[in-house]
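The structure file data16.pdb is reproduced below (PDB, C-alpha atoms).
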```
ATOM      1  CA  ASP A 278     -12.292  26.570 -13.343
ATOM      2  CA  ASN A 279     -10.105  25.526 -10.429
ATOM      3  CA  PRO A 280      -6.574  26.931 -10.806
ATOM      4  CA  ASP A 281      -5.534  25.597  -7.385
ATOM      5  CA  PHE A 282      -6.156  21.945  -8.368
ATOM      6  CA  PRO A 283      -2.631  20.402  -8.412
ATOM      7  CA  SER A 284      -3.643  17.190 -10.176
ATOM      8  CA  ALA A 285      -4.787  19.120 -13.239
ATOM      9  CA  HIS A 286      -1.450  20.917 -13.413
ATOM     10  CA  ASN A 287       0.414  17.616 -12.935
ATOM     11  CA  LEU A 288      -1.559  16.031 -15.778
ATOM     12  CA  LEU A 289      -1.030  19.014 -18.088
ATOM     13  CA  SER A 290       2.675  18.904 -17.261
ATOM     14  CA  GLU A 291       2.828  15.248 -18.329
ATOM     15  CA  ILE A 292       0.904  16.005 -21.543
ATOM     16  CA  TYR A 293       3.173  18.915 -22.456
ATOM     17  CA  ALA A 294       6.250  16.822 -21.670
ATOM     18  CA  SER A 295       5.017  14.011 -23.939
ATOM     19  CA  LEU A 296       4.509  16.588 -26.710
ATOM     20  CA  GLY A 297       8.086  17.826 -26.232
ATOM     21  CA  ASP A 298       7.093  21.253 -24.868
ATOM     22  CA  ALA A 299       9.469  21.452 -21.884
ATOM     23  CA  ALA A 300       8.762  25.114 -21.114
ATOM     24  CA  ARG A 301       4.999  24.625 -20.755
ATOM     25  CA  SER A 302       5.581  21.346 -18.895
ATOM     26  CA  ASP A 303       7.870  23.087 -16.397
ATOM     27  CA  GLU A 304       5.335  25.905 -15.926
ATOM     28  CA  GLN A 305       2.506  23.453 -15.174
ATOM     29  CA  ARG A 306       4.766  21.497 -12.789
ATOM     30  CA  ARG A 307       5.541  24.772 -10.977
ATOM     31  CA  LEU A 308       1.829  25.617 -10.777
ATOM     32  CA  SER A 309       1.125  22.181  -9.275
ATOM     33  CA  GLY A 310       3.415  22.956  -6.364
ATOM     34  CA  ASP A 311       5.940  20.532  -7.917
ATOM     35  CA  THR A 312       4.576  17.771  -5.702
ATOM     36  CA  GLY A 313       4.276  15.061  -8.314
ATOM     37  CA  GLU A 314       1.439  13.692  -6.174
ATOM     38  CA  LEU A 315      -2.214  13.262  -6.913
ATOM     39  CA  HIS A 316      -4.365  15.731  -4.969
ATOM     40  CA  GLU A 317      -8.105  15.401  -5.191
ATOM     41  CA  ALA A 318     -10.245  18.467  -4.882
ATOM     42  CA  ASP A 319     -11.945  18.370  -1.516
ATOM     43  CA  ASP A 320     -15.562  17.454  -2.085
ATOM     44  CA  PRO A 321     -17.423  16.738   1.170
ATOM     45  CA  TRP A 322     -20.525  15.568  -0.724
ATOM     46  CA  LEU A 323     -18.561  12.877  -2.610
ATOM     47  CA  TYR A 324     -16.872  11.758   0.605
ATOM     48  CA  LYS A 325     -20.332  11.186   2.119
ATOM     49  CA  VAL A 326     -21.507   9.283  -0.957
ATOM     50  CA  TYR A 327     -18.392   7.078  -0.965
ATOM     51  CA  ALA A 328     -18.796   6.428   2.739
ATOM     52  CA  TRP A 329     -22.162   4.794   1.935
ATOM     53  CA  SER A 330     -20.639   2.610  -0.772
ATOM     54  CA  PHE A 331     -20.763  -1.184  -0.552
ATOM     55  CA  ASP A 332     -18.423  -1.687  -3.502
ATOM     56  CA  ALA A 333     -15.014  -2.868  -2.247
ATOM     57  CA  TYR A 334     -13.310  -1.612  -5.442
ATOM     58  CA  ARG A 335     -14.834   1.881  -5.068
ATOM     59  CA  LEU A 336     -13.829   1.955  -1.402
ATOM     60  CA  ASP A 337     -10.284   0.931  -2.288
ATOM     61  CA  LYS A 338     -10.042   3.606  -5.006
ATOM     62  CA  SER A 339     -11.411   6.251  -2.633
ATOM     63  CA  GLY A 340      -8.931   5.265   0.034
ATOM     64  CA  ASP A 341      -6.127   5.101  -2.518
ATOM     65  CA  ALA A 342      -6.758   8.686  -3.652
ATOM     66  CA  SER A 343      -6.413   9.930  -0.084
ATOM     67  CA  LEU A 344      -3.359   7.719   0.398
ATOM     68  CA  GLN A 345      -1.650   9.180  -2.668
ATOM     69  CA  ALA A 346      -2.348  12.659  -1.357
ATOM     70  CA  ARG A 347      -0.761  11.600   1.981
ATOM     71  CA  ARG A 348      -4.005  12.048   3.914
ATOM     72  CA  LEU A 349      -3.383   8.806   5.762
ATOM     73  CA  GLU A 350      -5.970   9.208   8.518
ATOM     74  CA  GLY A 351      -8.573   9.987   5.857
ATOM     75  CA  THR A 352      -7.930   6.645   4.151
ATOM     76  CA  LEU A 353      -8.773   4.534   7.187
ATOM     77  CA  PRO A 354     -12.595   4.624   6.919
ATOM     78  CA  PHE A 355     -12.425   3.492   3.284
ATOM     79  CA  TYR A 356     -10.042   0.611   3.910
ATOM     80  CA  GLU A 357     -11.804  -0.429   7.119
ATOM     81  CA  LYS A 358     -15.094  -0.539   5.241
ATOM     82  CA  ALA A 359     -13.451  -2.426   2.353
ATOM     83  CA  VAL A 360     -12.414  -5.124   4.838
ATOM     84  CA  ARG A 361     -15.939  -5.269   6.287
ATOM     85  CA  THR A 362     -17.498  -5.320   2.803
ATOM     86  CA  ALA A 363     -15.152  -8.001   1.411
ATOM     87  CA  PRO A 364     -14.007  -9.980   4.477
ATOM     88  CA  ASN A 365     -12.279 -12.647   2.370
ATOM     89  CA  ASP A 366     -10.281 -10.203   0.224
ATOM     90  CA  GLY A 367      -6.643 -10.460   1.273
ATOM     91  CA  LEU A 368      -5.702  -7.305  -0.624
ATOM     92  CA  ALA A 369      -8.174  -5.257   1.437
ATOM     93  CA  TYR A 370      -6.500  -6.454   4.650
ATOM     94  CA  ASP A 371      -3.070  -5.800   3.171
ATOM     95  CA  ALA A 372      -4.040  -2.253   2.179
ATOM     96  CA  LEU A 373      -5.445  -1.499   5.638
ATOM     97  CA  GLY A 374      -2.422  -3.066   7.344
ATOM     98  CA  SER A 375      -0.105  -1.000   5.145
ATOM     99  CA  VAL A 376      -1.878   2.219   6.129
ATOM    100  CA  TYR A 377      -1.571   1.287   9.809
ATOM    101  CA  LEU A 378       2.139   0.633   9.203
ATOM    102  CA  GLN A 379       2.571   4.080   7.631
ATOM    103  CA  LEU A 380       0.736   5.635  10.572
ATOM    104  CA  HIS A 381       3.082   3.740  12.947
ATOM    105  CA  ARG A 382       0.100   1.944  14.470
ATOM    106  CA  LEU A 383       2.039  -1.295  14.433
ATOM    107  CA  ASP A 384      -0.166  -3.296  16.806
ATOM    108  CA  ASP A 385      -3.228  -2.453  14.690
ATOM    109  CA  ALA A 386      -1.287  -3.467  11.583
ATOM    110  CA  VAL A 387      -0.345  -6.844  13.090
ATOM    111  CA  THR A 388      -3.924  -7.511  14.194
ATOM    112  CA  THR A 389      -5.309  -6.583  10.768
ATOM    113  CA  LEU A 390      -2.766  -8.601   8.818
ATOM    114  CA  GLU A 391      -3.137 -11.663  11.018
ATOM    115  CA  SER A 392      -6.924 -11.453  10.561
ATOM    116  CA  GLY A 393      -6.367 -11.235   6.827
ATOM    117  CA  LEU A 394      -4.182 -14.328   6.894
ATOM    118  CA  ALA A 395      -6.853 -16.208   8.825
ATOM    119  CA  LYS A 396      -9.473 -15.265   6.201
ATOM    120  CA  ALA A 397      -7.362 -15.199   3.009
ATOM    121  CA  GLY A 398      -4.089 -16.977   3.719
ATOM    122  CA  SER A 399      -3.320 -17.545   0.050
ATOM    123  CA  ASN A 400      -2.222 -13.937  -0.435
ATOM    124  CA  ALA A 401       1.569 -13.444  -0.519
ATOM    125  CA  ALA A 402       1.286  -9.697   0.130
ATOM    126  CA  LEU A 403      -0.218 -10.338   3.576
ATOM    127  CA  TYR A 404       2.778 -12.431   4.633
ATOM    128  CA  SER A 405       5.257  -9.861   3.287
ATOM    129  CA  THR A 406       3.550  -6.890   4.908
ATOM    130  CA  LEU A 407       3.155  -8.683   8.238
ATOM    131  CA  ALA A 408       6.854  -9.582   8.152
ATOM    132  CA  ARG A 409       7.745  -5.909   7.517
ATOM    133  CA  VAL A 410       5.631  -4.804  10.472
ATOM    134  CA  LEU A 411       7.169  -7.426  12.768
ATOM    135  CA  ARG A 412      10.643  -6.371  11.620
ATOM    136  CA  LYS A 413       9.812  -2.761  12.439
ATOM    137  CA  GLN A 414       8.715  -3.922  15.904
ATOM    138  CA  GLY A 415      12.077  -5.667  16.318
ATOM    139  CA  HIS A 416      10.637  -9.202  16.041
ATOM    140  CA  ILE A 417      12.902 -10.405  13.237
ATOM    141  CA  SER A 418      12.661 -14.109  14.130
ATOM    142  CA  ARG A 419       8.838 -13.899  14.133
ATOM    143  CA  ALA A 420       9.036 -12.119  10.775
ATOM    144  CA  ILE A 421      11.172 -14.925   9.364
ATOM    145  CA  ASP A 422       8.686 -17.480  10.725
ATOM    146  CA  VAL A 423       5.829 -15.637   8.991
ATOM    147  CA  LEU A 424       7.684 -15.665   5.682
ATOM    148  CA  GLN A 425       8.520 -19.357   6.040
ATOM    149  CA  ARG A 426       4.852 -20.052   6.780
ATOM    150  CA  GLY A 427       3.942 -18.096   3.667
ATOM    151  CA  ILE A 428       6.420 -20.056   1.565
ATOM    152  CA  ALA A 429       5.014 -23.330   2.914
ATOM    153  CA  ARG A 430       1.550 -22.177   1.798
ATOM    154  CA  LEU A 431       2.650 -20.464  -1.445
ATOM    155  CA  PRO A 432       5.921 -22.117  -2.514
ATOM    156  CA  SER A 433       5.868 -20.597  -6.010
ATOM    157  CA  SER A 434       5.840 -16.968  -4.809
ATOM    158  CA  PRO A 435       9.145 -15.341  -5.775
ATOM    159  CA  ALA A 436       8.354 -12.293  -3.623
ATOM    160  CA  LEU A 437       8.165 -14.379  -0.448
ATOM    161  CA  HIS A 438      11.478 -16.098  -1.199
ATOM    162  CA  TYR A 439      13.086 -12.731  -1.927
ATOM    163  CA  ASP A 440      11.730 -11.215   1.281
ATOM    164  CA  LEU A 441      12.974 -14.227   3.233
ATOM    165  CA  GLY A 442      16.421 -13.723   1.722
ATOM    166  CA  ASP A 443      16.373 -10.078   2.745
ATOM    167  CA  PHE A 444      15.399 -10.915   6.330
ATOM    168  CA  LEU A 445      17.954 -13.741   6.590
ATOM    169  CA  GLU A 446      20.661 -11.454   5.255
ATOM    170  CA  ALA A 447      19.792  -8.906   7.944
ATOM    171  CA  THR A 448      20.525 -11.571  10.576
ATOM    172  CA  ASP A 449      23.887 -12.496   8.966
ATOM    173  CA  ARG A 450      22.548 -15.815   7.716
ATOM    174  CA  ARG A 451      24.109 -15.148   4.335
ATOM    175  CA  LYS A 452      24.214 -18.739   3.084
ATOM    176  CA  ASP A 453      20.503 -19.221   3.825
ATOM    177  CA  ALA A 454      19.796 -15.803   2.326
ATOM    178  CA  ALA A 455      21.619 -16.745  -0.874
ATOM    179  CA  THR A 456      19.546 -19.934  -1.120
ATOM    180  CA  ALA A 457      16.330 -17.911  -0.747
ATOM    181  CA  TYR A 458      17.486 -15.339  -3.333
ATOM    182  CA  HIS A 459      18.394 -18.110  -5.805
ATOM    183  CA  GLU A 460      14.943 -19.662  -5.390
ATOM    184  CA  ALA A 461      13.302 -16.250  -5.930
ATOM    185  CA  LEU A 462      15.344 -15.800  -9.093
ATOM    186  CA  ARG A 463      14.521 -19.312 -10.295
ATOM    187  CA  LEU A 464      10.812 -18.662  -9.801
TER     188      LEU A 464
END
```

As structure tokens, how would this structure be written, given the file I've shared?
Amino acid sequence: DNPDFPSAHNLLSEIYASLGDAARSDEQRRLSGDTGELHEADDPWLYKVYAWSFDAYRLDKSGDASLQARRLEGTLPFYEKAVRTAPNDGLAYDALGSVYLQLHRLDDAVTTLESGLAKAGSNAALYSTLARVLRKQGHISRAIDVLQRGIARLPSSPALHYDLGDFLEATDRRKDAATAYHEALRL
């Protein structure tokens, strides 16, 4: 019904590959544009319906579909509304901050992630993403402070210890980095 729908070709390619039919799998992959990415069919009516949604999960899924298809600007309304709909959901702030990071809107990312930490500071992803944004801005010492603050709040998070090790290693603090990596591994 819609031969230009890449996701259908990608799915058929995966099905044929799992059945061992490499030739048909390769043909479907070629027909998909060989993107390997999910591409939703444009449906303006559904976009309007989703825009009226008050379900944070539905908003996240709608934004995620656009994100996977690399329509970054199109994801913003969904993630912004997810934050408004679920203002204490740290993952919603992290998702929005991550989109701002990918769009190189670093100040917006910092503002969003710091707001998320104020509302839902027990989310390790917020600390990690904020540290990545600060690093990209060239504020490595602030990034390390954020990770240390996260570890103080969530000491059993291996991801935060690992990220701290990575940031310390980047500043030639190898002994401290090794300590952080060991703690991440222990956890």

Check your understanding: atom CA of A:Leu373 and atom CA of A:Asp385 are how many Å apart?
Key ->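 Atom-to-atom, atom CA of A:Leu373 and atom CA of A:Asp385 are spaced 9.4 Å apart.
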
**Study point:** Residues returned when the PyMOL selection byres ((chain A and resi 402) around 10) runs on this file, as a count of residues only
**Key:** 21

Check your understanding: Given the file above and the PyMOL selection byres ((chain A and resi 442) around 9), which residues are selected, and can you give them as a PyMOL selection string?
Key -> chain A and resi 437-441+443-447+450-451+453-459+461

Might you pull out every residue within 7 Å of A:Val410, with all atoms listed in the file counted and same-chain residues fewer than 6 positions away left off, and present them as a tab-separated table (two decimals) with C-alpha atoms, in the coordinates of the input?
```tsv
chain	number	residue	atom	x	y	z
A	378	LEU	CA	2.14	0.63	9.20
A	383	LEU	CA	2.04	-1.30	14.43
A	387	VAL	CA	-0.34	-6.84	13.09
```

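The space separating atom CA of A:Phe282 from atom CA of A:Asp298 comes to 21.2 Å.
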
Since the input has fewer atoms than a full residue there, write stretch 352-363 of chain A out with all heavy atoms, as an mmCIF file, in the frame of the given file.
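result.cif, freshly written:
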```cif
data_model
loop_
_atom_site.group_PDB
_atom_site.id
_atom_site.type_symbol
_atom_site.label_atom_id
_atom_site.label_comp_id
_atom_site.auth_asym_id
_atom_site.auth_seq_id
_atom_site.Cartn_x
_atom_site.Cartn_y
_atom_site.Cartn_z
ATOM 1 N N THR A 352 -7.767 7.894 4.892
ATOM 2 C CA THR A 352 -7.930 6.645 4.151
ATOM 3 C C THR A 352 -8.530 5.543 5.010
ATOM 4 O O THR A 352 -9.133 4.609 4.483
ATOM 5 C CB THR A 352 -6.580 6.131 3.607
ATOM 6 O OG1 THR A 352 -5.745 5.745 4.690
ATOM 7 C CG2 THR A 352 -5.890 7.172 2.761
ATOM 8 N N LEU A 353 -8.353 5.625 6.311
ATOM 9 C CA LEU A 353 -8.773 4.534 7.187
ATOM 10 C C LEU A 353 -10.236 4.130 7.038
ATOM 11 O O LEU A 353 -10.532 2.938 6.923
ATOM 12 C CB LEU A 353 -8.449 4.857 8.650
ATOM 13 C CG LEU A 353 -6.983 4.732 9.029
ATOM 14 C CD1 LEU A 353 -6.767 5.197 10.460
ATOM 15 C CD2 LEU A 353 -6.487 3.306 8.846
ATOM 16 N N PRO A 354 -11.197 5.062 7.033
ATOM 17 C CA PRO A 354 -12.595 4.624 6.919
ATOM 18 C C PRO A 354 -12.867 3.828 5.642
ATOM 19 O O PRO A 354 -13.639 2.878 5.655
ATOM 20 C CB PRO A 354 -13.394 5.931 6.925
ATOM 21 C CG PRO A 354 -12.504 6.930 7.565
ATOM 22 C CD PRO A 354 -11.097 6.512 7.234
ATOM 23 N N PHE A 355 -12.205 4.193 4.541
ATOM 24 C CA PHE A 355 -12.425 3.492 3.284
ATOM 25 C C PHE A 355 -11.868 2.066 3.349
ATOM 26 O O PHE A 355 -12.534 1.111 2.953
ATOM 27 C CB PHE A 355 -11.794 4.255 2.122
ATOM 28 C CG PHE A 355 -12.427 5.598 1.888
ATOM 29 C CD1 PHE A 355 -11.775 6.761 2.227
ATOM 30 C CD2 PHE A 355 -13.698 5.680 1.330
ATOM 31 C CE1 PHE A 355 -12.358 7.997 2.021
ATOM 32 C CE2 PHE A 355 -14.303 6.912 1.114
ATOM 33 C CZ PHE A 355 -13.634 8.072 1.462
ATOM 34 N N TYR A 356 -10.640 1.940 3.849
ATOM 35 C CA TYR A 356 -10.042 0.611 3.910
ATOM 36 C C TYR A 356 -10.695 -0.257 4.981
ATOM 37 O O TYR A 356 -10.834 -1.465 4.796
ATOM 38 C CB TYR A 356 -8.534 0.711 4.123
ATOM 39 C CG TYR A 356 -7.809 1.205 2.888
ATOM 40 C CD1 TYR A 356 -7.076 2.384 2.905
ATOM 41 C CD2 TYR A 356 -7.866 0.489 1.701
ATOM 42 C CE1 TYR A 356 -6.420 2.828 1.778
ATOM 43 C CE2 TYR A 356 -7.221 0.929 0.563
ATOM 44 C CZ TYR A 356 -6.489 2.100 0.605
ATOM 45 O OH TYR A 356 -5.852 2.540 -0.516
ATOM 46 N N GLU A 357 -11.096 0.348 6.099
ATOM 47 C CA GLU A 357 -11.804 -0.429 7.119
ATOM 48 C C GLU A 357 -13.124 -0.952 6.569
ATOM 49 O O GLU A 357 -13.496 -2.105 6.800
ATOM 50 C CB GLU A 357 -12.038 0.430 8.372
ATOM 51 C CG GLU A 357 -10.752 0.693 9.142
ATOM 52 C CD GLU A 357 -10.889 1.780 10.206
ATOM 53 O OE1 GLU A 357 -11.865 2.575 10.152
ATOM 54 O OE2 GLU A 357 -9.997 1.858 11.062
ATOM 55 N N LYS A 358 -13.824 -0.105 5.819
ATOM 56 C CA LYS A 358 -15.094 -0.539 5.241
ATOM 57 C C LYS A 358 -14.854 -1.570 4.135
ATOM 58 O O LYS A 358 -15.655 -2.504 3.976
ATOM 59 C CB LYS A 358 -15.885 0.656 4.704
ATOM 60 C CG LYS A 358 -17.282 0.245 4.282
ATOM 61 C CD LYS A 358 -18.166 1.440 4.026
ATOM 62 C CE LYS A 358 -19.575 0.986 3.698
ATOM 63 N NZ LYS A 358 -20.464 2.111 3.450
ATOM 64 N N ALA A 359 -13.761 -1.432 3.386
ATOM 65 C CA ALA A 359 -13.451 -2.426 2.353
ATOM 66 C C ALA A 359 -13.256 -3.799 2.979
ATOM 67 O O ALA A 359 -13.726 -4.804 2.447
ATOM 68 C CB ALA A 359 -12.208 -2.011 1.571
ATOM 69 N N VAL A 360 -12.607 -3.849 4.143
ATOM 70 C CA VAL A 360 -12.414 -5.124 4.838
ATOM 71 C C VAL A 360 -13.757 -5.679 5.310
ATOM 72 O O VAL A 360 -14.021 -6.877 5.181
ATOM 73 C CB VAL A 360 -11.425 -4.960 6.018
ATOM 74 C CG1 VAL A 360 -11.470 -6.147 6.963
ATOM 75 C CG2 VAL A 360 -10.006 -4.763 5.487
ATOM 76 N N ARG A 361 -14.615 -4.802 5.835
ATOM 77 C CA ARG A 361 -15.939 -5.269 6.287
ATOM 78 C C ARG A 361 -16.794 -5.727 5.105
ATOM 79 O O ARG A 361 -17.542 -6.690 5.199
ATOM 80 C CB ARG A 361 -16.669 -4.157 7.043
ATOM 81 C CG ARG A 361 -16.126 -3.878 8.430
ATOM 82 C CD ARG A 361 -17.044 -2.961 9.226
ATOM 83 N NE ARG A 361 -17.419 -1.736 8.556
ATOM 84 C CZ ARG A 361 -16.725 -0.598 8.589
ATOM 85 N NH1 ARG A 361 -15.580 -0.546 9.256
ATOM 86 N NH2 ARG A 361 -17.156 0.468 7.966
ATOM 87 N N THR A 362 -16.687 -5.018 3.978
ATOM 88 C CA THR A 362 -17.498 -5.320 2.803
ATOM 89 C C THR A 362 -17.030 -6.602 2.109
ATOM 90 O O THR A 362 -17.850 -7.358 1.598
ATOM 91 C CB THR A 362 -17.447 -4.141 1.801
ATOM 92 O OG1 THR A 362 -17.896 -2.965 2.480
ATOM 93 C CG2 THR A 362 -18.318 -4.385 0.600
ATOM 94 N N ALA A 363 -15.718 -6.818 2.078
ATOM 95 C CA ALA A 363 -15.152 -8.001 1.411
ATOM 96 C C ALA A 363 -14.234 -8.722 2.394
ATOM 97 O O ALA A 363 -13.011 -8.657 2.285
ATOM 98 C CB ALA A 363 -14.398 -7.573 0.156
#
```
